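> Take a look at the following structure, please.
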Amino acid sequence: WSAVAMIDRVKKLPGVDPKSVVVVGGSGGGTLALELAAETDIAAIGPFEPATIIFMGMMNKTNRVGVGQDPQRYWTPEIQQKTRERLRRLRCPVFVGHGDINDLKKVNFEIFLPELMKAGKPVQIHVYPGMPHSVFSFYYPNRLEFISRFFEDCNSMFKRYLVTQPVPVDRT
């Protein structure tokens with residue numbers, strides 16, 4: 001199944017309002033959230049430190065490290081055109097969470113986030129000092145505190161765009 005097909009199936013579940021589906025992901029999962037938002041209708045996305053070098057097509061086998069250190073060198077006219085087209089197709093508000101440690105910060109703050117804002121989509125960007133990359137995947141001190149802050153912040157934005165407000169799930 002493609003990710004779009006999976007989201008479409010989720011939107012058809014009983015009790016799910018298709019206009020209130022939100023996708024959140026970190027790193028490559030943040031890129032997947034961006035991809036989904038460009039391909040199908042969802043209420044909002046919350047990429048945390050999205051691996052935008054993948055979304056923009058800037059990364060290849062030989063430049064993975066170099067892109068993070070000198071992103072302007074890889075911001076070619078071809079990549080610019082491709083990125084801007086993909087951003088124009090985004091169909092929902094975007095909440096971006098970002099730590100201040102990883103090399104993705106340079107790519108995202110110098111290139112991707114300015115381009116996202118120029119695309120005219122509702123965007124909020126929150127920087128979390130001391131929060132490491134892939135905080136959702138690996139153990140770090142204060143991991144749950146970081147994750148809770150991110151989810152509280154993006155949830156507060158998402159609620160403004162959801163047709164159906166979230167309610168706790170009955171665990172029975």
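Identifiers in the structure tokens: chain A, B, ... in order shown; residue index from 1 per chain; ligand index from 1 in order shown.
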Quick check for you: according to DSSP on this backbone, which residues of region 72-169 of chain A are classed as helix (DSSP H, G or I)? Reply as a PyMOL selection string.
chain A and resi 72-74+77-88+104-118+143-158
> So the first atom is CA of Ile101 (chain A) and the second is CA of Gln81 (chain A); what is the distance between them in Å, to one decimal place?
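Computed distance, CA of Ile101 (chain A) to CA of Gln81 (chain A), equals 28.5 Å.
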> For Gly26 (chain A), list every protein, DNA or RNA residue within 12 Å, evaluated using only C-alpha atoms, and leave out those in the same chain fewer than 4 positions away; present the list as a ChimeraX atom specification.
/A:30-34,45-52,95-99,104,132-138,147,150-151
> So, with only C-alpha atoms as the atoms that count, which of A:Ser20, A:Tyr74, A:Ala44, A:Arg84 lies closest to Met58 (chain A)?
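Going through A:Ser20, A:Tyr74, A:Ala44, A:Arg84 one by one, the smallest distance to Met58 (chain A) is for A:Tyr74.
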> Just list the residues in region 41-158 of chain A DSSP gives strand (DSSP E) on the backbone, as a list of chain:residue names.
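Put together, the selection reads A:Ala44, A:Ile45, A:Gly46, A:Pro47, A:Phe48, A:Val94, A:Phe95, A:Val96, A:Gly97, A:His98, A:Gly99, A:Val123, A:Gln124, A:Ile125, A:His126, A:Val127, A:Tyr128.
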